[in-house]
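Structure file coords_9.txt (compact mmCIF, N, CA and C atoms) follows.
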# COMPACT_ATOMS: atom_id res chain seq x y z
N GLN A 1 8.83 -170.88 136.50
CA GLN A 1 7.51 -171.45 136.40
C GLN A 1 6.50 -170.33 136.16
N VAL A 2 5.36 -170.69 135.57
CA VAL A 2 4.33 -169.71 135.26
C VAL A 2 3.05 -170.09 135.98
N GLN A 3 2.34 -169.09 136.46
CA GLN A 3 1.03 -169.32 137.09
C GLN A 3 -0.05 -169.22 136.03
N LEU A 4 -0.97 -170.17 136.08
CA LEU A 4 -2.05 -170.24 135.11
C LEU A 4 -3.38 -170.24 135.84
N ALA A 5 -4.35 -169.53 135.29
CA ALA A 5 -5.68 -169.47 135.91
C ALA A 5 -6.73 -169.65 134.84
N GLU A 6 -7.50 -170.73 134.96
CA GLU A 6 -8.56 -171.02 134.00
C GLU A 6 -9.87 -170.40 134.45
N SER A 7 -10.70 -170.12 133.48
CA SER A 7 -12.06 -169.64 133.75
C SER A 7 -12.95 -170.02 132.58
N GLY A 8 -14.26 -169.96 132.81
CA GLY A 8 -15.20 -170.15 131.72
C GLY A 8 -15.94 -171.47 131.72
N GLY A 9 -15.63 -172.36 132.64
CA GLY A 9 -16.35 -173.61 132.68
C GLY A 9 -17.78 -173.44 133.15
N GLY A 10 -18.54 -174.53 133.09
CA GLY A 10 -19.92 -174.46 133.55
C GLY A 10 -20.73 -175.62 133.05
N LEU A 11 -22.04 -175.46 133.17
CA LEU A 11 -22.99 -176.48 132.75
C LEU A 11 -23.68 -176.02 131.47
N VAL A 12 -23.72 -176.90 130.49
CA VAL A 12 -24.33 -176.57 129.21
C VAL A 12 -25.05 -177.80 128.67
N GLN A 13 -26.06 -177.58 127.85
CA GLN A 13 -26.77 -178.70 127.25
C GLN A 13 -26.02 -179.21 126.01
N THR A 14 -26.33 -180.44 125.65
CA THR A 14 -25.77 -181.02 124.42
C THR A 14 -26.01 -180.09 123.24
N GLY A 15 -24.95 -179.87 122.46
CA GLY A 15 -25.05 -178.97 121.31
C GLY A 15 -24.69 -177.53 121.62
N GLY A 16 -24.51 -177.22 122.88
CA GLY A 16 -24.20 -175.87 123.29
C GLY A 16 -22.72 -175.53 123.14
N SER A 17 -22.38 -174.32 123.58
CA SER A 17 -21.00 -173.84 123.45
C SER A 17 -20.51 -173.26 124.77
N LEU A 18 -19.20 -173.34 124.95
CA LEU A 18 -18.53 -172.69 126.07
C LEU A 18 -17.18 -172.18 125.57
N ARG A 19 -16.69 -171.16 126.25
CA ARG A 19 -15.37 -170.62 125.93
C ARG A 19 -14.54 -170.60 127.20
N LEU A 20 -13.44 -171.33 127.17
CA LEU A 20 -12.53 -171.36 128.31
C LEU A 20 -11.38 -170.39 128.06
N SER A 21 -10.92 -169.77 129.12
CA SER A 21 -9.76 -168.89 129.03
C SER A 21 -8.71 -169.28 130.05
N CYS A 22 -7.47 -169.11 129.67
CA CYS A 22 -6.35 -169.40 130.56
C CYS A 22 -5.46 -168.16 130.59
N ALA A 23 -5.40 -167.53 131.74
CA ALA A 23 -4.57 -166.35 131.93
C ALA A 23 -3.22 -166.77 132.48
N ALA A 24 -2.16 -166.28 131.85
CA ALA A 24 -0.80 -166.62 132.28
C ALA A 24 -0.15 -165.44 132.99
N SER A 25 0.76 -165.76 133.91
CA SER A 25 1.44 -164.72 134.70
C SER A 25 2.63 -164.10 133.95
N ILE A 26 2.98 -164.69 132.80
CA ILE A 26 4.05 -164.13 131.98
C ILE A 26 3.55 -164.01 130.54
N ASN A 27 4.28 -163.31 129.72
CA ASN A 27 3.89 -163.15 128.32
C ASN A 27 3.76 -164.51 127.65
N ILE A 28 2.59 -164.77 127.09
CA ILE A 28 2.35 -166.09 126.51
C ILE A 28 3.26 -166.39 125.33
N PHE A 29 3.81 -165.37 124.71
CA PHE A 29 4.70 -165.59 123.58
C PHE A 29 6.11 -165.96 124.03
N SER A 30 6.35 -165.94 125.33
CA SER A 30 7.63 -166.43 125.85
C SER A 30 7.54 -167.90 126.24
N ILE A 31 6.36 -168.49 126.06
CA ILE A 31 6.11 -169.89 126.42
C ILE A 31 6.19 -170.76 125.17
N ASN A 32 6.94 -171.86 125.25
CA ASN A 32 7.14 -172.72 124.08
C ASN A 32 5.81 -173.19 123.49
N SER A 33 4.97 -173.71 124.35
CA SER A 33 3.67 -174.17 123.89
C SER A 33 2.69 -174.14 125.04
N MET A 34 1.44 -173.97 124.71
CA MET A 34 0.37 -174.03 125.70
C MET A 34 -0.70 -174.98 125.20
N ALA A 35 -1.41 -175.55 126.12
CA ALA A 35 -2.38 -176.56 125.72
C ALA A 35 -3.52 -176.64 126.73
N TRP A 36 -4.57 -177.25 126.27
CA TRP A 36 -5.69 -177.62 127.13
C TRP A 36 -5.75 -179.14 127.21
N TYR A 37 -5.85 -179.63 128.43
CA TYR A 37 -6.05 -181.04 128.70
C TYR A 37 -7.38 -181.19 129.43
N ARG A 38 -7.87 -182.41 129.48
CA ARG A 38 -9.08 -182.68 130.26
C ARG A 38 -8.96 -184.04 130.93
N GLN A 39 -9.68 -184.15 132.03
CA GLN A 39 -9.71 -185.42 132.76
C GLN A 39 -11.13 -185.68 133.23
N ALA A 40 -11.69 -186.76 132.72
CA ALA A 40 -13.02 -187.19 133.14
C ALA A 40 -12.89 -188.16 134.30
N PRO A 41 -13.92 -188.32 135.10
CA PRO A 41 -13.86 -189.23 136.25
C PRO A 41 -13.46 -190.64 135.82
N GLY A 42 -12.46 -191.19 136.49
CA GLY A 42 -12.02 -192.55 136.21
C GLY A 42 -11.17 -192.70 134.97
N LYS A 43 -10.82 -191.59 134.33
CA LYS A 43 -10.03 -191.66 133.10
C LYS A 43 -8.73 -190.88 133.27
N GLN A 44 -7.80 -191.16 132.39
CA GLN A 44 -6.53 -190.45 132.41
C GLN A 44 -6.68 -189.07 131.79
N ARG A 45 -5.82 -188.17 132.19
CA ARG A 45 -5.80 -186.84 131.60
C ARG A 45 -5.38 -186.97 130.14
N GLU A 46 -6.08 -186.24 129.26
CA GLU A 46 -5.77 -186.33 127.84
C GLU A 46 -5.64 -184.95 127.22
N LEU A 47 -4.81 -184.88 126.18
CA LEU A 47 -4.63 -183.63 125.46
C LEU A 47 -5.87 -183.34 124.63
N VAL A 48 -6.35 -182.10 124.71
CA VAL A 48 -7.50 -181.66 123.91
C VAL A 48 -7.02 -180.84 122.72
N ALA A 49 -6.20 -179.84 123.00
CA ALA A 49 -5.70 -178.96 121.94
C ALA A 49 -4.45 -178.26 122.43
N GLY A 50 -3.55 -177.97 121.51
CA GLY A 50 -2.33 -177.27 121.87
C GLY A 50 -1.98 -176.24 120.83
N ILE A 51 -1.20 -175.24 121.24
CA ILE A 51 -0.75 -174.21 120.32
C ILE A 51 0.69 -173.85 120.66
N ARG A 52 1.52 -173.80 119.63
CA ARG A 52 2.93 -173.50 119.85
C ARG A 52 3.18 -172.01 119.71
N ARG A 53 4.37 -171.58 120.09
CA ARG A 53 4.68 -170.16 120.12
C ARG A 53 4.49 -169.51 118.77
N LEU A 54 4.83 -170.22 117.68
CA LEU A 54 4.68 -169.65 116.35
C LEU A 54 3.28 -169.80 115.78
N GLY A 55 2.39 -170.41 116.56
CA GLY A 55 0.98 -170.45 116.17
C GLY A 55 0.46 -171.78 115.66
N LEU A 56 1.34 -172.77 115.48
CA LEU A 56 0.87 -174.06 114.99
C LEU A 56 0.02 -174.73 116.07
N SER A 57 -1.14 -175.23 115.68
CA SER A 57 -2.04 -175.84 116.65
C SER A 57 -2.31 -177.29 116.29
N ASN A 58 -2.73 -178.05 117.28
CA ASN A 58 -3.10 -179.45 117.06
C ASN A 58 -4.27 -179.79 117.98
N TYR A 59 -5.04 -180.80 117.57
CA TYR A 59 -6.26 -181.17 118.27
C TYR A 59 -6.38 -182.68 118.41
N ALA A 60 -7.04 -183.09 119.48
CA ALA A 60 -7.43 -184.49 119.59
C ALA A 60 -8.47 -184.78 118.51
N ASP A 61 -8.46 -185.99 117.99
CA ASP A 61 -9.42 -186.36 116.94
C ASP A 61 -10.86 -186.15 117.40
N SER A 62 -11.11 -186.38 118.67
CA SER A 62 -12.47 -186.32 119.19
C SER A 62 -13.05 -184.91 119.20
N VAL A 63 -12.20 -183.88 119.07
CA VAL A 63 -12.69 -182.50 119.13
C VAL A 63 -12.46 -181.74 117.84
N LYS A 64 -11.79 -182.33 116.87
CA LYS A 64 -11.51 -181.64 115.61
C LYS A 64 -12.81 -181.18 114.96
N GLY A 65 -12.80 -179.93 114.50
CA GLY A 65 -13.99 -179.38 113.86
C GLY A 65 -14.99 -178.79 114.84
N ARG A 66 -14.81 -179.05 116.13
CA ARG A 66 -15.73 -178.51 117.14
C ARG A 66 -15.05 -177.52 118.07
N PHE A 67 -13.79 -177.76 118.38
CA PHE A 67 -13.04 -176.90 119.31
C PHE A 67 -12.00 -176.10 118.55
N THR A 68 -11.73 -174.90 119.05
CA THR A 68 -10.70 -174.05 118.46
C THR A 68 -9.86 -173.42 119.56
N ILE A 69 -8.56 -173.59 119.46
CA ILE A 69 -7.64 -172.96 120.42
C ILE A 69 -7.10 -171.68 119.79
N SER A 70 -6.97 -170.65 120.61
CA SER A 70 -6.49 -169.38 120.09
C SER A 70 -5.81 -168.59 121.20
N ARG A 71 -5.14 -167.52 120.79
CA ARG A 71 -4.47 -166.65 121.76
C ARG A 71 -5.02 -165.23 121.65
N ASP A 72 -5.18 -164.60 122.77
CA ASP A 72 -5.61 -163.20 122.83
C ASP A 72 -4.42 -162.39 123.33
N VAL A 73 -3.80 -161.65 122.42
CA VAL A 73 -2.59 -160.92 122.77
C VAL A 73 -2.87 -159.84 123.80
N ALA A 74 -3.96 -159.14 123.62
CA ALA A 74 -4.28 -158.02 124.52
C ALA A 74 -4.52 -158.49 125.95
N LYS A 75 -5.16 -159.64 126.08
CA LYS A 75 -5.49 -160.14 127.42
C LYS A 75 -4.45 -161.14 127.94
N ASN A 76 -3.50 -161.50 127.08
CA ASN A 76 -2.48 -162.48 127.45
C ASN A 76 -3.10 -163.79 127.91
N THR A 77 -4.04 -164.27 127.11
CA THR A 77 -4.73 -165.52 127.44
C THR A 77 -4.67 -166.49 126.26
N VAL A 78 -4.84 -167.74 126.60
CA VAL A 78 -5.07 -168.78 125.60
C VAL A 78 -6.48 -169.29 125.81
N ASN A 79 -7.25 -169.34 124.74
CA ASN A 79 -8.66 -169.65 124.85
C ASN A 79 -9.00 -170.94 124.13
N LEU A 80 -10.08 -171.56 124.59
CA LEU A 80 -10.58 -172.75 123.93
C LEU A 80 -12.07 -172.55 123.68
N GLN A 81 -12.41 -172.35 122.43
CA GLN A 81 -13.81 -172.23 122.04
C GLN A 81 -14.35 -173.62 121.77
N MET A 82 -15.38 -174.00 122.49
CA MET A 82 -15.93 -175.34 122.37
C MET A 82 -17.36 -175.25 121.86
N ASN A 83 -17.60 -175.79 120.70
CA ASN A 83 -18.93 -175.79 120.08
C ASN A 83 -19.44 -177.22 119.94
N SER A 84 -20.72 -177.34 119.72
CA SER A 84 -21.36 -178.65 119.51
C SER A 84 -20.95 -179.62 120.62
N LEU A 85 -21.06 -179.18 121.83
CA LEU A 85 -20.61 -179.99 122.96
C LEU A 85 -21.45 -181.25 123.13
N LYS A 86 -20.77 -182.30 123.58
CA LYS A 86 -21.40 -183.60 123.77
C LYS A 86 -21.22 -184.02 125.24
N PRO A 87 -22.06 -184.91 125.72
CA PRO A 87 -21.89 -185.38 127.10
C PRO A 87 -20.50 -185.95 127.37
N GLU A 88 -19.90 -186.55 126.37
CA GLU A 88 -18.56 -187.12 126.56
C GLU A 88 -17.47 -186.07 126.67
N ASP A 89 -17.81 -184.81 126.48
CA ASP A 89 -16.86 -183.72 126.71
C ASP A 89 -16.81 -183.32 128.18
N THR A 90 -17.69 -183.88 128.97
CA THR A 90 -17.72 -183.56 130.40
C THR A 90 -16.41 -183.97 131.07
N ALA A 91 -15.77 -183.03 131.73
CA ALA A 91 -14.47 -183.28 132.37
C ALA A 91 -14.01 -182.02 133.08
N VAL A 92 -12.94 -182.16 133.83
CA VAL A 92 -12.23 -180.99 134.33
C VAL A 92 -11.18 -180.64 133.27
N TYR A 93 -11.18 -179.38 132.86
CA TYR A 93 -10.27 -178.92 131.82
C TYR A 93 -9.13 -178.14 132.48
N TYR A 94 -7.90 -178.50 132.08
CA TYR A 94 -6.71 -177.90 132.65
C TYR A 94 -5.90 -177.19 131.59
N CYS A 95 -5.38 -176.06 131.95
CA CYS A 95 -4.45 -175.32 131.09
C CYS A 95 -3.03 -175.76 131.43
N ASN A 96 -2.22 -175.89 130.41
CA ASN A 96 -0.83 -176.34 130.58
C ASN A 96 0.10 -175.41 129.81
N ALA A 97 1.25 -175.16 130.41
CA ALA A 97 2.30 -174.38 129.74
C ALA A 97 3.61 -175.15 129.81
N ASP A 98 4.29 -175.20 128.68
CA ASP A 98 5.57 -175.90 128.60
C ASP A 98 6.65 -174.84 128.32
N ILE A 99 7.54 -174.67 129.31
CA ILE A 99 8.65 -173.75 129.14
C ILE A 99 9.94 -174.55 129.23
N ARG A 100 10.53 -174.80 128.08
CA ARG A 100 11.79 -175.54 127.99
C ARG A 100 11.71 -176.86 128.75
N GLY A 101 10.63 -177.60 128.54
CA GLY A 101 10.47 -178.91 129.13
C GLY A 101 9.90 -178.93 130.53
N SER A 102 9.65 -177.77 131.10
CA SER A 102 9.08 -177.69 132.44
C SER A 102 7.60 -177.36 132.33
N ASP A 103 6.77 -178.22 132.92
CA ASP A 103 5.32 -178.07 132.82
C ASP A 103 4.74 -177.28 133.99
N SER A 104 3.80 -176.40 133.67
CA SER A 104 3.00 -175.73 134.68
C SER A 104 1.53 -176.01 134.39
N TRP A 105 0.73 -176.11 135.45
CA TRP A 105 -0.69 -176.44 135.31
C TRP A 105 -1.55 -175.45 136.07
N GLY A 106 -2.74 -175.21 135.51
CA GLY A 106 -3.73 -174.45 136.24
C GLY A 106 -4.49 -175.36 137.19
N GLN A 107 -5.43 -174.78 137.92
CA GLN A 107 -6.18 -175.54 138.92
C GLN A 107 -7.34 -176.32 138.31
N GLY A 108 -7.69 -176.01 137.08
CA GLY A 108 -8.76 -176.73 136.39
C GLY A 108 -10.10 -176.04 136.49
N THR A 109 -10.93 -176.26 135.49
CA THR A 109 -12.29 -175.73 135.48
C THR A 109 -13.23 -176.83 134.98
N GLN A 110 -14.35 -176.97 135.67
CA GLN A 110 -15.27 -178.06 135.36
C GLN A 110 -16.17 -177.68 134.19
N VAL A 111 -16.28 -178.60 133.25
CA VAL A 111 -17.22 -178.49 132.13
C VAL A 111 -18.16 -179.68 132.21
N THR A 112 -19.45 -179.41 132.27
CA THR A 112 -20.44 -180.46 132.35
C THR A 112 -21.44 -180.27 131.22
N VAL A 113 -21.62 -181.31 130.41
CA VAL A 113 -22.55 -181.25 129.28
C VAL A 113 -23.69 -182.22 129.58
N SER A 114 -24.88 -181.69 129.69
CA SER A 114 -26.04 -182.52 130.02
C SER A 114 -26.69 -183.04 128.74
N SER A 115 -27.23 -184.25 128.83
CA SER A 115 -27.86 -184.85 127.65
C SER A 115 -29.34 -184.51 127.58
Let's see the structure in the file written out as structure tokens.
Amino acid sequence: QVQLAESGGGLVQTGGSLRLSCAASINIFSINSMAWYRQAPGKQRELVAGIRRLGLSNYADSVKGRFTISRDVAKNTVNLQMNSLKPEDTAVYYCNADIRGSDSWGQGTQVTVSS
């Protein structure tokens, strides 16, 4: 299993930007895939963006063109750049790692977008 630690959440106005980072306890290139999920109050956790070991990424339709997932080799992190934020992006954001079908989760970081 891998330990994950998210950072970068906070309060931002509509149209603003935030950058989330997920630090992993092992080399991120040894992980099959990593992703960001989010969970808003009263809603199910949903996939926001994912990136596979070879670099292929995917996004939820609701964030395409606004969010970008990337990896920082030097810092061993997976990042989520969030631009043009909307109130409906408000949620707790979780980092996920999939190692051969075994999931690990971070503790989550709160993102709040005010209207």
### Query
Please, which residues of chain A, numbered as in this document, come out helix (DSSP H, G or I) from DSSP, as a count of residues only?
9
### Task
Just the strand (DSSP E) stuff from chain A, please, per backbone DSSP, written as number ranges by chain.
A: 4-7, 10-13, 18-24, 33-39, 46-52, 57-59, 67-72, 77-82, 91-99, 102-105, 109-114
### Query
What is the distance, in Å and to one decimal place, between CA of Gln13 in chain A and CA of Val113 in chain A?
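Distance between the two atoms: 5.3 Å.
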### Task
Might you pull out every residue within 6 Å of Arg53 in chain A, with all atoms listed in the file counted and same-chain residues fewer than 2 positions away left off, and present them as a count of residues only?
8
With 6 Å as the cut-off and only N, CA and C atoms counted, what is the closest atom pair between each nearby residue of range 22-86 of chain A and range 1-8 of chain A? Distances in Å to one decimal, ordered by chain and number, as JSON lines.
{"residue": "A:Cys22", "atom": "CA", "partner": "A:Ala5", "partner_atom": "C", "distance": 4.3}
{"residue": "A:Ala23", "atom": "N", "partner": "A:Ala5", "partner_atom": "C", "distance": 4.0}
{"residue": "A:Ala24", "atom": "CA", "partner": "A:Gln3", "partner_atom": "C", "distance": 4.6}
{"residue": "A:Ser25", "atom": "N", "partner": "A:Gln3", "partner_atom": "C", "distance": 4.1}
{"residue": "A:Ile26", "atom": "N", "partner": "A:Val2", "partner_atom": "CA", "distance": 5.8}
Write out the residues from the selection above, keeping N, CA and C atoms, as an mmCIF file, in the frame of the given file.
data_model
loop_
_atom_site.group_PDB
_atom_site.id
_atom_site.type_symbol
_atom_site.label_atom_id
_atom_site.label_comp_id
_atom_site.auth_asym_id
_atom_site.auth_seq_id
_atom_site.Cartn_x
_atom_site.Cartn_y
_atom_site.Cartn_z
ATOM 1 N N CYS A 22 -7.470 -169.110 129.670
ATOM 2 C CA CYS A 22 -6.350 -169.400 130.560
ATOM 3 C C CYS A 22 -5.460 -168.160 130.590
ATOM 4 N N ALA A 23 -5.400 -167.530 131.740
ATOM 5 C CA ALA A 23 -4.570 -166.350 131.930
ATOM 6 C C ALA A 23 -3.220 -166.770 132.480
ATOM 7 N N ALA A 24 -2.160 -166.280 131.850
ATOM 8 C CA ALA A 24 -0.800 -166.620 132.280
ATOM 9 C C ALA A 24 -0.150 -165.440 132.990
ATOM 10 N N SER A 25 0.760 -165.760 133.910
ATOM 11 C CA SER A 25 1.440 -164.720 134.700
ATOM 12 C C SER A 25 2.630 -164.100 133.950
ATOM 13 N N ILE A 26 2.980 -164.690 132.800
ATOM 14 C CA ILE A 26 4.050 -164.130 131.980
ATOM 15 C C ILE A 26 3.550 -164.010 130.540
#
### Task
Would you mind reading off the distance between atom N of Gln81 in chain A and CA of Arg100 in chain A, one decimal, in Å?
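Computed distance, atom N of Gln81 in chain A to CA of Arg100 in chain A, equals 25.0 Å.
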### Message
One decimal, in Å: what's the spacing between CA of Ser70 in chain A and atom N of Gln44 in chain A?
### Response
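Separating CA of Ser70 in chain A from atom N of Gln44 in chain A is a distance of 25.0 Å.
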### Query
Counting only C-alpha atoms, what is within 8 Å of Ile69 in chain A, bar same-chain residues fewer than 4 positions away, as a list in words?
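Counting only C-alpha atoms, the residues come to Ala49, Gly50, Ile51, Ser57, Val78, Asn79, Leu80 and Gln81 of chain A.
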Please provide the set of residues having any atom within 7 Å of Arg38 in chain A, restricted to only C-alpha atoms, with same-chain residues fewer than 4 positions apart removed, written as a compact mmCIF listing (two decimals) with N, CA and C atoms, in the coordinates of the input.
# COMPACT_ATOMS: atom_id res chain seq x y z
N ARG A 45 -5.82 -188.17 132.19
CA ARG A 45 -5.80 -186.84 131.60
C ARG A 45 -5.38 -186.97 130.14
N GLU A 46 -6.08 -186.24 129.26
CA GLU A 46 -5.77 -186.33 127.84
C GLU A 46 -5.64 -184.95 127.22
N LEU A 47 -4.81 -184.88 126.18
CA LEU A 47 -4.63 -183.63 125.46
C LEU A 47 -5.87 -183.34 124.63
N VAL A 48 -6.35 -182.10 124.71
CA VAL A 48 -7.50 -181.66 123.91
C VAL A 48 -7.02 -180.84 122.72
N ALA A 91 -15.77 -183.03 131.73
CA ALA A 91 -14.47 -183.28 132.37
C ALA A 91 -14.01 -182.02 133.08
N VAL A 92 -12.94 -182.16 133.83
CA VAL A 92 -12.23 -180.99 134.33
C VAL A 92 -11.18 -180.64 133.27
N TYR A 93 -11.18 -179.38 132.86
CA TYR A 93 -10.27 -178.92 131.82
C TYR A 93 -9.13 -178.14 132.48
N TYR A 94 -7.90 -178.50 132.08
CA TYR A 94 -6.71 -177.90 132.65
C TYR A 94 -5.90 -177.19 131.59
#### Entry: Selection near Thr90 in chain A, 6.5 Å with only N, CA and C atoms, sequence-local residues under 6 positions removed, as a ChimeraX atom specification
/A:39-41,111-113
### Task
Counting all atoms listed in the file, figure out which residue out of A:Ala35, A:Ile28, A:Leu18, A:Ala97 gets nearest to Val73 in chain A.
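When distances to Val73 in chain A are compared using all atoms listed in the file, the smallest one comes from A:Ile28.
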